[in-house]
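Down below is the structure, laid out as structure tokens.
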Amino acid sequence: MSAALIELSGIERVFHVGDSEVHALHSLDLAIAAGEYVAVMGPSGSGKSTLLNLLGLLDRPNAGTYRLEGQDVTTLSQEEQARVRSERIGFVFQSFHLVPRLTAAENIALPMMLAGIAPQQRAARVAQALKDYGLENRADHRPDQLSGGQRQRVAIARATIMQPAVILADEPTGNLDRATGDEVVRLLEALNHRGVTLIVVSHDASIGGRARRQLLMEDGALRHDSGIAS
Ligand SMILES: Nc1ncnc2c1ncn2[C@@H]1O[C@H](COP(=O)(O)OP(=O)(O)OP(=O)(O)O)[C@@H](O)[C@H]1O
Ligand SMILES: [Mg+2]
């Protein structure tokens, strides 16, 4: 059995819009080991988000296989994919994607509610997460009552509450000022130090450059892979 956490082979993703066809990913092969810190870089439209969405089981390839922890996840049903997503994958997005009418605490609790975790355990884990991310006195605030940095900390708490194997972050600092963005990157890096695989999309070289491995996308293909640093 392979030691790779993520293994993509021969991935194709084609979008059809009207008569035109966009080959967003083309014969992509990629292996990522557990615990890696990977930056995905490249120009706008090069396929970075498409790749991340496939890795996060938010989208399916037109061809190729995706193995996650040795399991072929391309052939799973919607329900099975949702379960893998909920248990193994955490997402952080540029625009936070919090539920507007839920409080910070409720947003963080959401993945545990969907997974059917008992209320008492939920409450204890939410309390700990609020503490870990310095949000204790913002628990009852809705997203529109939080700063950008606080929103992204809620999003990170929500992404990690189920203790996923991998965190996928798409431009996580894109809507934040430099100082707040750096703080968010440090929080993600702290998770990676504890063993969580971290994959960050960024077109900011100063952020991408912090990762131990850089992937450069161009026209839906992997143009360069700095490889796994030893
Ligand atoms: N749902 C879709 N339908 C049609 N075309 C799409 C869809 N999603 C992405 N594309 C196209 O696929 C290509 C890759 O898009 P993608 O969002 O992966 O780029 P990106 O590298 O993330 O760019 P950015 O840095 O601007 O976020 C683009 O040409 C885009 O227009
Ligand atoms: Mg994108």
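Starting from 1 in every chain, residues are counted up; chains themselves are A, B, ... following the order of the structure tokens, and ligands are numbered from 1 as listed.
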
### Message
To check your reading of the model: which residues sit at most 7 Å from ligand 1 when counting only C-alpha atoms and all ligand atoms? Write the answer as a ChimeraX atom specification.
### Response
/A:15-17,22-24,42-51,203,220

Output of the above residues as a compact mmCIF listing (two decimals), in the first residue's frame, restricted to N, CA and C atoms:
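Everything below was put into part_19.txt:
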```txt
# COMPACT_ATOMS: atom_id res chain seq x y z
N PHE A 15 -14.73 21.90 -18.30
CA PHE A 15 -15.99 22.62 -18.13
C PHE A 15 -16.54 23.00 -19.49
N HIS A 16 -17.84 22.81 -19.65
CA HIS A 16 -18.50 23.23 -20.88
C HIS A 16 -19.37 24.43 -20.59
N VAL A 17 -19.13 25.51 -21.30
CA VAL A 17 -19.99 26.68 -21.19
C VAL A 17 -20.41 27.07 -22.59
N VAL A 22 -13.53 24.46 -21.50
CA VAL A 22 -12.34 24.88 -20.76
C VAL A 22 -11.72 23.65 -20.11
N HIS A 23 -10.48 23.39 -20.50
CA HIS A 23 -9.77 22.28 -19.90
C HIS A 23 -9.08 22.80 -18.63
N ALA A 24 -9.79 22.79 -17.52
CA ALA A 24 -9.28 23.42 -16.30
C ALA A 24 -8.15 22.62 -15.66
N GLY A 42 0.39 30.00 -9.01
CA GLY A 42 0.15 30.08 -10.45
C GLY A 42 -0.82 31.19 -10.77
N PRO A 43 -0.85 31.62 -12.05
CA PRO A 43 -1.69 32.75 -12.43
C PRO A 43 -3.18 32.47 -12.32
N SER A 44 -3.95 33.52 -12.36
CA SER A 44 -5.41 33.41 -12.33
C SER A 44 -5.89 32.55 -13.50
N GLY A 45 -6.78 31.62 -13.20
CA GLY A 45 -7.32 30.76 -14.25
C GLY A 45 -6.49 29.52 -14.53
N SER A 46 -5.41 29.31 -13.76
CA SER A 46 -4.52 28.18 -14.05
C SER A 46 -5.03 26.85 -13.50
N GLY A 47 -6.10 26.90 -12.68
CA GLY A 47 -6.69 25.66 -12.21
C GLY A 47 -6.50 25.36 -10.73
N LYS A 48 -6.00 26.35 -9.99
CA LYS A 48 -5.71 26.13 -8.56
C LYS A 48 -6.96 25.77 -7.77
N SER A 49 -8.01 26.57 -7.92
CA SER A 49 -9.24 26.31 -7.16
C SER A 49 -9.91 25.02 -7.64
N THR A 50 -9.84 24.78 -8.94
CA THR A 50 -10.40 23.54 -9.48
C THR A 50 -9.72 22.34 -8.83
N LEU A 51 -8.40 22.42 -8.71
CA LEU A 51 -7.65 21.34 -8.06
C LEU A 51 -8.07 21.18 -6.61
N HIS A 203 -1.68 33.33 -4.61
CA HIS A 203 -0.79 33.89 -5.62
C HIS A 203 0.13 34.94 -5.02
N GLY A 220 -3.81 24.65 -16.34
CA GLY A 220 -4.38 23.37 -15.93
C GLY A 220 -3.39 22.24 -15.76
```

### Task
List every residue of stretch 8-205 of chain A that DSSP, applied to the backbone of this structure, places in strand (DSSP E), and write the result as a PyMOL selection string.
chain A and resi 8-17+20-33+37-41+63-68+71-72+89-93+166-170+197-201

### Query
Near A:Arg194, counting only C-alpha atoms, which residues have an atom at most 10 Å away, once you skip same-chain residues fewer than 4 positions from it, shown as a list in words?
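Contacts, in chain order: Gly35, Glu189 and Ala190 of chain A.
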
### Separation of atom CA of A:Ile117 from atom CA of A:Leu57, in Å and rounded to one decimal
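Here the two named atoms are 22.1 Å from each other.
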
### Task
For atom CA of A:Leu222 and atom CA of A:Gly208, determine how far apart the two atoms are, in Å to one decimal place.
15.4 Å

### Task
Please identify all polymer residues within 10 Å of A:Pro143, counting only C-alpha atoms, omitting same-chain residues fewer than 5 positions from it, and present them as number ranges by chain.
A: 96-104, 107, 138, 148, 150-152, 154

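Each of A:Ala129, A:Ala221, A:Val73, A:Val200 was compared to ligand 2 using only C-alpha atoms and all ligand atoms, and A:Val200 turns out to be the nearest.
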
### Message
Just checking: using only C-alpha atoms, which residue out of A:Val40, A:Leu52, A:Ala33, A:Ala3 ends up closest to A:Leu216?
### Response
A:Val40

### Task
Counting only C-alpha atoms and all ligand atoms, figure out which residue out of A:Ala82, A:Ala139, A:Met41, A:Val14 gets nearest to ligand 2.
A:Met41

### Query
Could you pull out the alpha helix (DSSP H) residues of stretch 25-217 of chain A from DSSP and send them as a VMD selection string?
chain A and resid 48 to 55 78 to 88 104 to 114 119 to 132 148 to 160 178 to 193 205 to 208

### Who sits within 7 Å of A:Ala4, only C-alpha atoms, same chain under 4 positions skipped, as a VMD selection string
chain A and resid 31 to 34 69

Written selection (all heavy atoms) as a PDB file, in the first residue's frame:
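As written to disk, result.pdb reads:
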```pdb
ATOM      1  N   ALA A  31       1.227  13.421  -5.929  1.00  0.00           N
ATOM      2  CA  ALA A  31       1.173  12.677  -4.673  1.00  0.00           C
ATOM      3  C   ALA A  31       1.599  13.592  -3.540  1.00  0.00           C
ATOM      4  O   ALA A  31       2.580  14.330  -3.652  1.00  0.00           O
ATOM      5  CB  ALA A  31       2.086  11.457  -4.734  1.00  0.00           C
ATOM      6  N   ILE A  32       0.838  13.581  -2.461  1.00  0.00           N
ATOM      7  CA  ILE A  32       1.153  14.384  -1.288  1.00  0.00           C
ATOM      8  C   ILE A  32       1.133  13.460  -0.073  1.00  0.00           C
ATOM      9  O   ILE A  32       0.173  12.709   0.139  1.00  0.00           O
ATOM     10  CB  ILE A  32       0.143  15.544  -1.133  1.00  0.00           C
ATOM     11  CG1 ILE A  32       0.288  16.528  -2.307  1.00  0.00           C
ATOM     12  CG2 ILE A  32       0.332  16.261   0.207  1.00  0.00           C
ATOM     13  CD1 ILE A  32      -0.746  17.633  -2.338  1.00  0.00           C
ATOM     14  N   ALA A  33       2.205  13.516   0.705  1.00  0.00           N
ATOM     15  CA  ALA A  33       2.315  12.639   1.871  1.00  0.00           C
ATOM     16  C   ALA A  33       1.660  13.276   3.087  1.00  0.00           C
ATOM     17  O   ALA A  33       1.511  14.503   3.151  1.00  0.00           O
ATOM     18  CB  ALA A  33       3.787  12.351   2.160  1.00  0.00           C
ATOM     19  N   ALA A  34       1.291  12.459   4.036  1.00  0.00           N
ATOM     20  CA  ALA A  34       0.713  12.959   5.284  1.00  0.00           C
ATOM     21  C   ALA A  34       1.695  13.896   5.965  1.00  0.00           C
ATOM     22  O   ALA A  34       2.893  13.625   6.026  1.00  0.00           O
ATOM     23  CB  ALA A  34       0.371  11.788   6.199  1.00  0.00           C
ATOM     24  N   GLU A  69      -5.920   8.546   1.427  1.00  0.00           N
ATOM     25  CA  GLU A  69      -5.565   7.537   2.430  1.00  0.00           C
ATOM     26  C   GLU A  69      -5.747   6.126   1.872  1.00  0.00           C
ATOM     27  O   GLU A  69      -6.239   5.226   2.547  1.00  0.00           O
ATOM     28  CB  GLU A  69      -6.394   7.745   3.705  1.00  0.00           C
ATOM     29  CG  GLU A  69      -6.123   9.111   4.328  1.00  0.00           C
ATOM     30  CD  GLU A  69      -6.930   9.385   5.585  1.00  0.00           C
ATOM     31  OE1 GLU A  69      -8.146   9.141   5.558  1.00  0.00           O
ATOM     32  OE2 GLU A  69      -6.341   9.840   6.579  1.00  0.00           O
TER      33      GLU A  69
END
```
